[in-house]
file data36.txt (compact mmCIF, C-alpha atoms and all ligand atoms)
# COMPACT_ATOMS: atom_id res chain seq x y z
CA MET D 300 7.60 -22.96 -13.29
CA ASP D 301 7.39 -19.47 -11.76
CA HIS D 302 9.76 -18.50 -8.98
CA LEU D 303 10.83 -15.37 -7.11
CA PHE D 304 13.14 -14.35 -9.93
CA SER D 305 10.89 -15.02 -12.89
CA THR D 306 9.71 -11.88 -14.65
CA TYR D 307 6.16 -10.65 -14.22
CA GLN D 308 4.02 -8.58 -16.53
CA LEU D 309 0.55 -7.19 -15.99
CA LYS D 310 -0.66 -4.69 -18.57
CA SER D 311 2.15 -2.11 -18.92
CA LEU D 312 3.83 -3.07 -15.64
CA ALA D 313 6.84 -5.28 -16.47
CA LEU D 314 8.85 -6.45 -13.46
CA LYS D 315 12.25 -8.13 -13.56
CA ASN D 316 11.40 -10.25 -10.51
CA ARG D 317 8.55 -10.89 -8.06
CA VAL D 318 9.99 -8.96 -5.12
CA VAL D 319 8.04 -5.93 -3.88
CA MET D 320 9.06 -3.36 -1.30
CA PRO D 321 5.75 -2.63 0.44
CA PRO D 322 4.80 0.88 1.55
CA MET D 323 6.40 1.78 4.88
CA CYS D 324 5.88 5.20 6.48
CA GLN D 325 9.16 6.89 7.34
CA TYR D 326 7.63 9.78 9.32
CA SER D 327 10.60 11.79 8.08
CA VAL D 328 9.28 14.82 6.20
CA THR D 329 11.27 17.81 7.44
CA GLU D 330 9.03 20.82 6.92
CA LYS D 331 5.56 19.29 7.48
CA ASP D 332 4.93 20.05 3.79
CA GLY D 333 4.48 16.46 2.62
CA ILE D 334 7.55 16.74 0.39
CA PRO D 335 10.14 13.94 0.33
CA ASN D 336 13.72 14.83 1.29
CA ASP D 337 17.16 13.22 1.05
CA TRP D 338 16.16 10.52 3.50
CA HIS D 339 13.34 9.38 1.24
CA TYR D 340 15.56 9.64 -1.84
CA ASN D 341 18.25 7.43 -0.36
CA HIS D 342 15.73 5.06 1.21
CA TYR D 343 13.96 4.28 -2.07
CA VAL D 344 16.89 4.51 -4.47
CA SER D 345 19.01 2.15 -2.36
CA ARG D 346 16.30 -0.53 -2.66
CA ALA D 347 16.42 -0.04 -6.45
CA VAL D 348 20.20 -0.52 -6.38
CA GLY D 349 19.38 -3.58 -4.28
CA GLY D 350 17.49 -5.18 -7.17
CA THR D 351 13.86 -4.89 -5.97
CA GLY D 352 11.35 -5.56 -8.77
CA LEU D 353 8.68 -3.13 -7.57
CA ILE D 354 9.02 -0.41 -4.95
CA ILE D 355 5.85 1.08 -3.47
CA ILE D 356 6.37 4.50 -1.89
CA GLU D 357 4.92 4.77 1.62
CA MET D 358 1.42 6.03 2.48
CA THR D 359 1.12 9.40 0.74
CA ASP D 360 -1.91 11.42 1.69
CA VAL D 361 -4.48 13.34 -0.29
CA GLU D 362 -4.80 16.24 2.17
CA PRO D 363 -2.76 17.62 5.10
CA GLU D 364 -5.36 16.58 7.68
CA GLY D 365 -5.36 13.08 6.20
CA ARG D 366 -1.85 12.24 7.40
CA ILE D 367 -1.15 9.95 10.34
CA THR D 368 1.41 12.56 11.43
CA ASP D 369 2.62 15.88 10.08
CA TYR D 370 5.81 14.09 9.02
CA ASP D 371 4.11 11.96 6.36
CA LEU D 372 4.27 12.41 2.60
CA GLY D 373 1.50 14.09 0.63
CA LEU D 374 0.33 14.76 -2.91
CA TRP D 375 -2.28 17.44 -2.31
CA SER D 376 -0.41 20.11 -4.30
CA ASP D 377 1.34 20.28 -7.66
CA ASP D 378 4.34 21.75 -5.81
CA GLN D 379 4.96 18.30 -4.35
CA ILE D 380 5.36 16.59 -7.74
CA PRO D 381 9.00 17.42 -8.67
CA THR D 382 10.65 15.84 -5.61
CA PHE D 383 8.66 12.64 -6.11
CA GLN D 384 9.67 12.73 -9.76
CA ARG D 385 13.34 12.94 -8.79
CA ILE D 386 13.04 9.74 -6.72
CA ILE D 387 11.02 7.97 -9.41
CA ASP D 388 13.51 8.85 -12.16
CA ALA D 389 16.43 7.60 -10.07
CA VAL D 390 14.64 4.34 -9.21
CA HIS D 391 13.99 3.81 -12.93
CA PHE D 392 17.65 4.55 -13.71
CA HIS D 393 18.62 1.65 -11.41
CA GLY D 394 16.20 -0.75 -13.12
CA SER D 395 13.26 -1.03 -10.69
CA LYS D 396 9.61 -0.13 -11.18
CA ILE D 397 7.90 2.14 -8.72
CA GLY D 398 4.40 2.85 -7.47
CA ILE D 399 2.99 4.96 -4.67
CA GLN D 400 0.41 4.28 -1.99
CA ILE D 401 -2.31 6.95 -2.04
CA ALA D 402 -4.20 7.27 1.21
CA HIS D 403 -6.11 9.16 3.86
CA ALA D 404 -5.78 8.24 7.53
CA GLY D 405 -9.37 9.21 8.46
CA ARG D 406 -9.95 8.78 12.19
CA LYS D 407 -6.33 7.64 12.63
CA ALA D 408 -4.95 11.07 11.61
CA GLU D 409 -3.13 11.67 14.87
CA ASP D 410 -1.98 15.26 14.28
CA ALA D 411 -5.21 16.52 12.71
CA ASN D 412 -7.09 19.04 14.87
CA VAL D 413 -10.33 17.23 14.18
CA PRO D 414 -9.90 14.04 12.16
CA VAL D 415 -12.65 13.07 9.73
CA ALA D 416 -14.24 9.66 9.27
CA PRO D 417 -17.41 7.97 7.99
CA SER D 418 -18.88 8.14 11.51
CA GLU D 419 -18.05 9.72 14.86
CA ILE D 420 -16.41 6.68 16.39
CA ARG D 421 -12.94 7.02 17.80
CA PHE D 422 -10.22 4.44 17.29
CA SER D 423 -9.45 4.17 21.00
CA GLU D 424 -9.35 6.34 24.08
CA ALA D 425 -5.92 7.55 23.04
CA TYR D 426 -7.34 9.00 19.81
CA LYS D 427 -9.51 12.05 19.07
CA THR D 428 -13.17 11.53 18.25
CA PRO D 429 -13.52 12.18 14.52
CA ARG D 430 -16.13 14.33 12.83
CA ALA D 431 -18.38 12.50 10.35
CA LEU D 432 -17.95 13.71 6.77
CA THR D 433 -21.10 15.14 5.17
CA THR D 434 -22.28 13.48 1.97
CA ASP D 435 -20.85 16.35 -0.09
CA GLU D 436 -17.55 16.11 1.75
CA VAL D 437 -17.34 12.39 0.94
CA LYS D 438 -17.77 13.23 -2.74
CA GLY D 439 -15.11 15.95 -2.30
CA MET D 440 -12.81 13.33 -0.75
CA VAL D 441 -13.15 11.13 -3.84
CA GLU D 442 -12.00 14.15 -5.86
CA LYS D 443 -8.99 14.60 -3.58
CA PHE D 444 -8.00 10.99 -4.26
CA ARG D 445 -8.48 11.65 -7.99
CA LEU D 446 -6.17 14.67 -7.94
CA ALA D 447 -3.50 12.90 -5.88
CA VAL D 448 -3.49 10.03 -8.40
CA ARG D 449 -3.25 12.56 -11.25
CA ARG D 450 -0.14 14.04 -9.57
CA ALA D 451 1.38 10.59 -9.01
CA VAL D 452 0.96 9.78 -12.70
CA LYS D 453 2.50 13.15 -13.60
CA ALA D 454 5.46 12.32 -11.37
CA GLY D 455 6.05 9.19 -13.47
CA VAL D 456 4.90 6.18 -11.43
CA ASP D 457 4.44 2.78 -13.08
CA THR D 458 1.46 1.87 -10.89
CA VAL D 459 -0.69 3.29 -8.10
CA GLU D 460 -1.72 1.52 -4.90
CA LEU D 461 -4.83 2.63 -2.98
CA HIS D 462 -4.69 2.09 0.77
CA GLY D 463 -7.83 0.22 1.70
CA ALA D 464 -6.25 -1.56 4.68
CA HIS D 465 -5.08 -1.08 8.28
CA GLY D 466 -8.07 0.89 9.49
CA TYR D 467 -7.47 4.03 7.40
CA LEU D 468 -10.21 5.99 5.63
CA ILE D 469 -11.16 3.59 2.82
CA HIS D 470 -11.13 0.69 5.29
CA GLN D 471 -13.28 2.77 7.69
CA PHE D 472 -15.94 3.06 4.97
CA GLN D 473 -15.84 -0.64 4.10
CA SER D 474 -16.25 -1.91 7.67
CA GLU D 475 -19.56 -2.23 9.47
CA LEU D 476 -17.82 -1.36 12.72
CA THR D 477 -16.76 2.12 11.59
CA ASN D 478 -19.37 2.95 8.95
CA LYS D 479 -22.67 3.73 10.68
CA ARG D 480 -23.82 6.19 8.02
CA THR D 481 -27.41 6.57 6.91
CA ASP D 482 -26.74 8.24 3.53
CA GLU D 483 -25.76 6.57 0.25
CA TYR D 484 -22.27 5.85 1.67
CA SER D 485 -23.76 3.42 4.18
CA ALA D 486 -23.25 0.94 1.33
CA LEU D 487 -19.90 -0.44 2.52
CA THR D 488 -18.17 -0.60 -0.87
CA LYS D 489 -19.48 2.67 -2.35
CA PHE D 490 -16.66 4.99 -1.25
CA GLY D 491 -13.95 2.51 -2.19
CA VAL D 492 -15.55 1.85 -5.57
CA GLU D 493 -15.77 5.58 -6.34
CA VAL D 494 -12.14 6.13 -5.32
CA ILE D 495 -11.08 3.22 -7.56
CA GLN D 496 -13.03 4.62 -10.51
CA ALA D 497 -11.61 8.10 -9.92
CA ALA D 498 -8.07 6.71 -9.73
CA LYS D 499 -8.53 4.70 -12.92
CA SER D 500 -9.87 7.73 -14.77
CA GLU D 501 -6.52 9.45 -14.17
CA MET D 502 -4.29 6.48 -15.03
CA PRO D 503 -3.21 5.42 -18.52
CA ALA D 504 -5.54 2.62 -19.67
CA ASP D 505 -2.78 0.02 -19.55
CA MET D 506 -1.42 0.98 -16.10
CA PRO D 507 -2.53 -1.52 -13.44
CA LEU D 508 -4.13 -0.34 -10.18
CA ILE D 509 -3.19 -2.10 -6.95
CA MET D 510 -5.39 -2.00 -3.88
CA ARG D 511 -4.25 -2.97 -0.40
CA ILE D 512 -6.98 -4.41 1.79
CA SER D 513 -7.16 -5.89 5.23
CA ALA D 514 -8.63 -9.26 4.34
CA GLN D 515 -9.44 -9.97 7.96
CA GLU D 516 -10.26 -7.69 10.86
CA TYR D 517 -8.83 -8.63 14.23
CA VAL D 518 -11.39 -6.90 16.45
CA GLU D 519 -14.41 -8.47 18.12
CA GLY D 520 -17.19 -8.74 15.50
CA GLY D 521 -14.88 -7.76 12.64
CA TYR D 522 -15.24 -9.03 9.08
CA GLY D 523 -13.39 -12.12 7.88
CA ILE D 524 -12.29 -13.74 4.64
CA LYS D 525 -15.86 -14.47 3.51
CA GLU D 526 -16.73 -10.77 3.54
CA SER D 527 -13.39 -9.63 2.13
CA ILE D 528 -13.83 -11.93 -0.87
CA GLU D 529 -17.08 -10.10 -1.65
CA LEU D 530 -15.34 -6.78 -1.07
CA ALA D 531 -12.53 -7.74 -3.44
CA LYS D 532 -15.05 -8.83 -6.07
CA ALA D 533 -16.72 -5.41 -5.96
CA TYR D 534 -13.38 -3.62 -6.08
CA LYS D 535 -12.12 -5.79 -8.94
CA GLU D 536 -15.30 -5.03 -10.86
CA ALA D 537 -14.63 -1.30 -10.27
CA GLY D 538 -11.13 -1.58 -11.76
CA VAL D 539 -8.59 -3.05 -9.33
CA ASP D 540 -6.00 -5.18 -11.15
CA ILE D 541 -3.93 -6.52 -8.24
CA PHE D 542 -4.77 -6.91 -4.53
CA HIS D 543 -2.11 -6.49 -1.86
CA ILE D 544 -3.34 -8.67 0.97
CA SER D 545 -2.79 -7.51 4.51
CA ALA D 546 -4.96 -7.68 7.64
CA GLY D 547 -6.03 -5.83 10.76
CA GLY D 548 -5.39 -2.29 11.90
CA GLU D 549 -8.94 -1.31 12.79
CA GLY D 550 -8.76 -1.50 16.57
CA GLU D 551 -7.98 -3.54 19.64
CA ILE D 552 -7.12 -7.13 18.73
CA ALA D 553 -9.69 -9.55 20.16
CA ALA D 554 -8.56 -12.92 21.52
CA ALA D 555 -10.44 -14.71 18.74
CA GLY D 556 -8.94 -12.47 16.05
CA ARG D 557 -5.33 -12.62 17.17
CA PRO D 558 -3.09 -13.24 14.14
CA GLY D 559 -0.40 -15.88 14.17
CA THR D 560 3.11 -14.58 14.60
CA HIS D 561 4.69 -17.27 12.45
CA ALA D 562 6.33 -16.76 9.07
CA GLY D 563 3.96 -16.19 6.16
CA TYR D 564 0.98 -15.62 8.48
CA GLN D 565 -1.06 -13.70 5.88
CA VAL D 566 -0.36 -16.00 2.92
CA PRO D 567 -3.56 -18.07 3.44
CA LEU D 568 -5.58 -14.85 3.04
CA ALA D 569 -3.75 -13.92 -0.17
CA ARG D 570 -4.17 -17.42 -1.57
CA GLU D 571 -7.88 -17.42 -0.78
CA ILE D 572 -8.53 -14.02 -2.41
CA LYS D 573 -6.50 -15.08 -5.47
CA ARG D 574 -8.51 -18.27 -5.82
CA ALA D 575 -11.99 -16.97 -5.06
CA VAL D 576 -11.73 -13.67 -6.94
CA ASP D 577 -9.48 -14.90 -9.75
CA VAL D 578 -7.15 -11.92 -9.46
CA PRO D 579 -3.39 -11.39 -9.08
CA VAL D 580 -2.27 -10.84 -5.48
CA ILE D 581 0.74 -9.64 -3.52
CA ALA D 582 1.39 -11.61 -0.32
CA VAL D 583 3.06 -9.83 2.60
CA GLY D 584 3.96 -10.51 6.20
CA ARG D 585 7.08 -12.19 7.55
CA LEU D 586 8.21 -13.58 4.21
CA ASP D 587 11.83 -12.53 4.50
CA GLU D 588 13.27 -16.05 4.40
CA PRO D 589 14.09 -16.37 0.64
CA THR D 590 13.14 -20.06 0.39
CA LEU D 591 9.72 -19.25 1.88
CA ALA D 592 9.14 -16.23 -0.41
CA ASN D 593 10.19 -18.37 -3.36
CA ALA D 594 7.83 -21.18 -2.32
CA VAL D 595 4.86 -18.77 -2.11
CA ILE D 596 5.42 -17.93 -5.78
CA GLY D 597 6.33 -21.47 -6.87
CA ASN D 598 3.28 -22.97 -5.19
CA GLY D 599 1.04 -20.42 -6.90
CA GLU D 600 -0.20 -18.86 -3.66
CA ALA D 601 0.60 -15.32 -4.80
CA ASP D 602 1.93 -13.57 -7.90
CA LEU D 603 4.27 -11.23 -6.02
CA VAL D 604 5.70 -11.13 -2.49
CA ALA D 605 6.46 -8.05 -0.45
CA ILE D 606 9.34 -7.86 2.02
CA GLY D 607 8.86 -5.03 4.52
CA ARG D 608 10.93 -5.17 7.69
CA GLY D 609 13.41 -7.46 5.96
CA MET D 610 14.16 -4.61 3.57
CA LEU D 611 14.48 -2.10 6.41
CA ARG D 612 17.26 -4.31 7.71
CA ASN D 613 18.81 -4.93 4.33
CA PRO D 614 18.36 -2.78 1.19
CA TYR D 615 20.08 -5.56 -0.78
CA TRP D 616 17.61 -8.22 0.36
CA THR D 617 16.78 -9.09 -3.26
CA LEU D 618 20.40 -9.51 -4.38
CA GLU D 619 21.14 -11.73 -1.39
CA ALA D 620 17.97 -13.77 -1.97
CA ALA D 621 19.03 -14.43 -5.58
CA SER D 622 22.41 -15.55 -4.37
CA LYS D 623 20.90 -17.88 -1.71
CA LEU D 624 18.40 -19.33 -4.19
CA ASN D 625 21.01 -19.68 -6.91
CA LYS D 626 18.98 -17.51 -9.28
CA GLN D 627 20.24 -15.19 -11.95
CA THR D 628 19.84 -11.46 -11.27
CA ASP D 629 21.72 -8.35 -12.37
CA ILE D 630 24.13 -7.21 -9.69
CA PRO D 631 25.50 -3.66 -10.05
CA LYS D 632 29.00 -4.02 -11.44
CA GLN D 633 30.38 -1.97 -8.55
CA TYR D 634 29.05 -4.62 -6.11
CA LYS D 635 29.85 -7.82 -8.04
CA ALA D 636 32.85 -8.57 -5.85
CA GLY D 637 30.51 -8.75 -2.85
CA PHE D 638 28.61 -11.64 -4.41
C1 LIG D 701 7.93 1.12 9.73
C2 LIG D 701 6.72 0.57 9.02
C3 LIG D 701 5.88 1.44 8.34
C4 LIG D 701 4.75 0.94 7.65
N1 LIG D 701 3.98 1.81 6.90
C5 LIG D 701 3.01 1.31 6.11
C6 LIG D 701 2.36 2.15 5.16
O1 LIG D 701 2.71 3.32 4.95
N2 LIG D 701 1.34 1.59 4.43
C7 LIG D 701 0.98 0.28 4.57
O2 LIG D 701 0.05 -0.18 3.90
N3 LIG D 701 1.64 -0.54 5.42
C8 LIG D 701 2.66 -0.07 6.16
N4 LIG D 701 3.37 -0.93 6.94
C9 LIG D 701 3.13 -2.39 6.86
C10 LIG D 701 4.09 -3.04 5.85
O3 LIG D 701 3.84 -2.57 4.53
C11 LIG D 701 3.96 -4.58 5.87
O4 LIG D 701 2.67 -4.94 5.45
C12 LIG D 701 4.24 -5.18 7.24
O5 LIG D 701 5.44 -4.63 7.78
C13 LIG D 701 4.33 -6.70 7.20
O6 LIG D 701 5.35 -7.13 6.32
P1 LIG D 701 6.82 -7.61 6.87
O7 LIG D 701 6.58 -8.72 7.83
O8 LIG D 701 7.55 -8.05 5.64
O9 LIG D 701 7.45 -6.41 7.52
C14 LIG D 701 4.47 -0.44 7.66
C15 LIG D 701 5.31 -1.30 8.37
C16 LIG D 701 6.44 -0.82 9.02
C17 LIG D 701 7.35 -1.78 9.73
call {"tool": "encode", "arguments": {"input": "data36.txt", "output": "structure tokens"}}
result
Amino acid sequence: MDHLFSTYQLKSLALKNRVVMPPMCQYSVTEKDGIPNDWHYNHYVSRAVGGTGLIIIEMTDVEPEGRITDYDLGLWSDDQIPTFQRIIDAVHFHGSKIGIQIAHAGRKAEDANVPVAPSEIRFSEAYKTPRALTTDEVKGMVEKFRLAVRRAVKAGVDTVELHGAHGYLIHQFQSELTNKRTDEYSALTKFGVEVIQAAKSEMPADMPLIMRISAQEYVEGGYGIKESIELAKAYKEAGVDIFHISAGGEGEIAAAGRPGTHAGYQVPLAREIKRAVDVPVIAVGRLDEPTLANAVIGNGEADLVAIGRGMLRNPYWTLEAASKLNKQTDIPKQYKAGF
């Protein structure tokens, strides 16, 4: 029976366990140039030392104006590749696999002079009103995603994750609330599908593509699991191999849409997408109790589990989980005495 420490293989991605470090923005770029620094190096490499199966580098944007803040990572220039490569090589040296989340913040680009979006609808009164992309600019944006994925592959990643969740650009196109376009991109899945196809065209044929989606919107009138199953079907058809199931991020939380705050609150969404779309999924959201994370895998609710804030607290979360669950895992020889 599968458990948190059983191996996992999908296409060329071979993981030593089912533990994922999900993308988490560090807002720590020093020179506003999108290039990782020593903070990022230590942050990611320490989670590899800590035994994580798959590390996903934080939201990394396809153009400068597509960042949440000027302190976010980017892959809009070849000059950015070598420092990512240095992190990726070191993570590999310590036995983990690594991917990167490729993204554009759209209307949630807080430091952009004029953010861009599918339509001119601002996120909230605290945010700038975005400018709607022209049809040609949307096609240009797909190309920017393509080039960022090309650079990620050059840097040596094992997988790529597209950010289609949390109210950022891809999500803005796939939601009725933020996509009021009248051109061909009024079709809610069209932008996402084209980005997926562009990403795949740059990835080796056997490298799996992950896509993060918000499977449920929390705002009044937002989409729910029924719609996100259809969305996932279209994205799977376009080339997504694994879905990373999150929720929300598109605006003010409505009373009816308020998520639970209990452990594993997003697991039912992951389980439902896995079942209805017949696709591997990563579950995330308050899963940092090892017995719970292990049960999610053992009960077949998800293929992988991601531990976010738990790993901010403890880079060695995975090693400690193995110890608590009495599972075999490789502990660095320098740290054996600690276990
Ligand atoms: C500091 C911080 C930064 C985050 N940045 C991102 C991000 O870059 N991309 C993303 O998809 N989610 C991001 N998230 C969400 C996490 O990936 C994760 O889904 C969320 O924290 C829930 O999981 P947890 O309960 O294990 O922390 C971030 C979360 C935190 C706490």
call {"tool": "residues_around", "arguments": {"input": "data36.txt", "residues": "Lys623 in chain D", "least_positions_apart": "3", "cutoff": "10 Å", "atoms": "only C-alpha atoms", "output": "list of chain:residue names"}}
result
D:Glu588, D:Pro589, D:Thr590, D:Thr617, D:Leu618, D:Glu619, D:Ala620, D:Lys626
call {"tool": "closest_residue", "arguments": {"input": "data36.txt", "among": "D:Ser345, D:Thr481, D:Ser545, D:Ser513", "to": "ligand LIG 701 (chain D)", "atoms": "all atoms listed in the file"}}
result
D:Ser545
call {"tool": "closest_residue", "arguments": {"input": "data36.txt", "among": "D:Arg574, D:Lys331, D:His470, D:Lys535", "to": "ligand LIG 701 (chain D)", "atoms": "all atoms listed in the file"}}
result
D:His470
call {"tool": "closest_atom_pairs", "arguments": {"input": "data36.txt", "of": "chain D", "to": "ligand LIG 701 (chain D)", "cutoff": "9 Å", "atoms": "all atoms listed in the file", "output": "Markdown table"}}
result
| residue | atom | partner | partner_atom | distance |
| --- | --- | --- | --- | --- |
| D:Met320 | CA | D:LIG701 | O3 | 7.9 |
| D:Pro321 | CA | D:LIG701 | O3 | 4.5 |
| D:Pro322 | CA | D:LIG701 | C6 | 4.5 |
| D:Met323 | CA | D:LIG701 | N1 | 3.2 |
| D:Cys324 | CA | D:LIG701 | N1 | 3.9 |
| D:Gln325 | CA | D:LIG701 | C1 | 6.4 |
| D:Tyr326 | CA | D:LIG701 | C3 | 8.6 |
| D:Ile356 | CA | D:LIG701 | O1 | 7.8 |
| D:Glu357 | CA | D:LIG701 | O1 | 4.3 |
| D:Met358 | CA | D:LIG701 | O1 | 3.9 |
| D:Thr359 | CA | D:LIG701 | O1 | 7.6 |
| D:Asp371 | CA | D:LIG701 | O1 | 8.9 |
| D:Gln400 | CA | D:LIG701 | N2 | 7.0 |
| D:Ala402 | CA | D:LIG701 | N2 | 8.6 |
| D:Leu461 | CA | D:LIG701 | O2 | 8.9 |
| D:His462 | CA | D:LIG701 | O2 | 6.1 |
| D:Gly463 | CA | D:LIG701 | O2 | 8.2 |
| D:Ala464 | CA | D:LIG701 | O2 | 6.5 |
| D:His465 | CA | D:LIG701 | O2 | 6.8 |
| D:Arg511 | CA | D:LIG701 | O2 | 6.7 |
| D:Ile512 | CA | D:LIG701 | O2 | 8.5 |
| D:His543 | CA | D:LIG701 | O2 | 8.8 |
| D:Ile544 | CA | D:LIG701 | O4 | 8.4 |
| D:Ser545 | CA | D:LIG701 | O4 | 6.1 |
| D:Ala546 | CA | D:LIG701 | O4 | 8.4 |
| D:Ala562 | CA | D:LIG701 | O7 | 8.1 |
| D:Gly563 | CA | D:LIG701 | O7 | 8.1 |
| D:Tyr564 | CA | D:LIG701 | O7 | 8.9 |
| D:Gln565 | CA | D:LIG701 | C13 | 8.9 |
| D:Ala582 | CA | D:LIG701 | O4 | 8.9 |
| D:Val583 | CA | D:LIG701 | O6 | 5.1 |
| D:Gly584 | CA | D:LIG701 | O7 | 3.6 |
| D:Arg585 | CA | D:LIG701 | O7 | 3.5 |
| D:Leu586 | CA | D:LIG701 | O8 | 5.7 |
| D:Asp587 | CA | D:LIG701 | O8 | 6.3 |
| D:Val604 | CA | D:LIG701 | O8 | 8.9 |
| D:Ala605 | CA | D:LIG701 | O8 | 6.2 |
| D:Ile606 | CA | D:LIG701 | O8 | 4.0 |
| D:Gly607 | CA | D:LIG701 | O8 | 3.5 |
| D:Arg608 | CA | D:LIG701 | O9 | 3.7 |
| D:Gly609 | CA | D:LIG701 | O8 | 5.9 |
| D:Met610 | CA | D:LIG701 | O8 | 7.7 |
| D:Leu611 | CA | D:LIG701 | C17 | 7.9 |
call {"tool": "residues_near_point", "arguments": {"input": "data36.txt", "point": "(-7.2, 8.5, 6.3)", "cutoff": "7 Å", "atoms": "only C-alpha atoms", "output": "PDB file with C-alpha atoms, keeping the file's coordinate frame"}}
result
ATOM      1  CA  GLY D 365      -5.360  13.080   6.200  1.00  0.00           C
ATOM      2  CA  ARG D 366      -1.850  12.240   7.400  1.00  0.00           C
ATOM      3  CA  ALA D 402      -4.200   7.270   1.210  1.00  0.00           C
ATOM      4  CA  HIS D 403      -6.110   9.160   3.860  1.00  0.00           C
ATOM      5  CA  ALA D 404      -5.780   8.240   7.530  1.00  0.00           C
ATOM      6  CA  GLY D 405      -9.370   9.210   8.460  1.00  0.00           C
ATOM      7  CA  ARG D 406      -9.950   8.780  12.190  1.00  0.00           C
ATOM      8  CA  LYS D 407      -6.330   7.640  12.630  1.00  0.00           C
ATOM      9  CA  ALA D 408      -4.950  11.070  11.610  1.00  0.00           C
ATOM     10  CA  TYR D 467      -7.470   4.030   7.400  1.00  0.00           C
ATOM     11  CA  LEU D 468     -10.210   5.990   5.630  1.00  0.00           C
TER      12      LEU D 468
END
call {"tool": "residues_around", "arguments": {"input": "data36.txt", "residues": "Ala447 in chain D", "least_positions_apart": "3", "cutoff": "12 Å", "atoms": "all atoms listed in the file", "output": "PyMOL selection string"}}
result
chain D and resi 358-363+372-380+399-403+440-444+450-454+459-461+494+497-499+501-502
call {"tool": "residues_around", "arguments": {"input": "data36.txt", "residues": "Phe472 in chain D", "least_positions_apart": "3", "cutoff": "8 Å", "atoms": "only C-alpha atoms", "output": "list in words"}}
result
Pro417, Leu468, Ile469, Glu475, Thr477, Asn478, Tyr484, Ser485, Leu487, Thr488, Phe490 and Gly491 of chain D
call {"tool": "atom_distance", "arguments": {"input": "data36.txt", "atom1": "CA of Thr428 in chain D", "atom2": "CA of Thr368 in chain D"}}
result
16.1 Å
call {"tool": "atom_distance", "arguments": {"input": "data36.txt", "atom1": "CA of Asp457 in chain D", "atom2": "CA of Thr351 in chain D"}}
result
14.1 Å
call {"tool": "closest_residue", "arguments": {"input": "data36.txt", "among": "D:Lys427, D:Arg346, D:Lys310, D:Arg385", "to": "Leu508 in chain D", "atoms": "all atoms listed in the file"}}
result
D:Lys310
call {"tool": "closest_residue", "arguments": {"input": "data36.txt", "among": "D:Val566, D:Leu591, D:Ile334, D:Ala575", "to": "Glu526 in chain D", "atoms": "only C-alpha atoms"}}
result
D:Ala575
call {"tool": "atom_distance", "arguments": {"input": "data36.txt", "atom1": "CA of Asp602 in chain D", "atom2": "CA of Val539 in chain D"}}
result
14.9 Å
call {"tool": "closest_residue", "arguments": {"input": "data36.txt", "among": "D:Leu446, D:Val413, D:Ala347, D:Ala553", "to": "Ile397 in chain D", "atoms": "only C-alpha atoms"}}
result
D:Ala347
call {"tool": "closest_residue", "arguments": {"input": "data36.txt", "among": "D:Ile581, D:Ala416, D:Ala504, D:Ala621", "to": "Leu353 in chain D", "atoms": "only C-alpha atoms"}}
result
D:Ile581
call {"tool": "residues_near_point", "arguments": {"input": "data36.txt", "point": "(-25.1, 11.4, 17.2)", "cutoff": "12 Å", "atoms": "only C-alpha atoms", "output": "count of residues only"}}
result
10
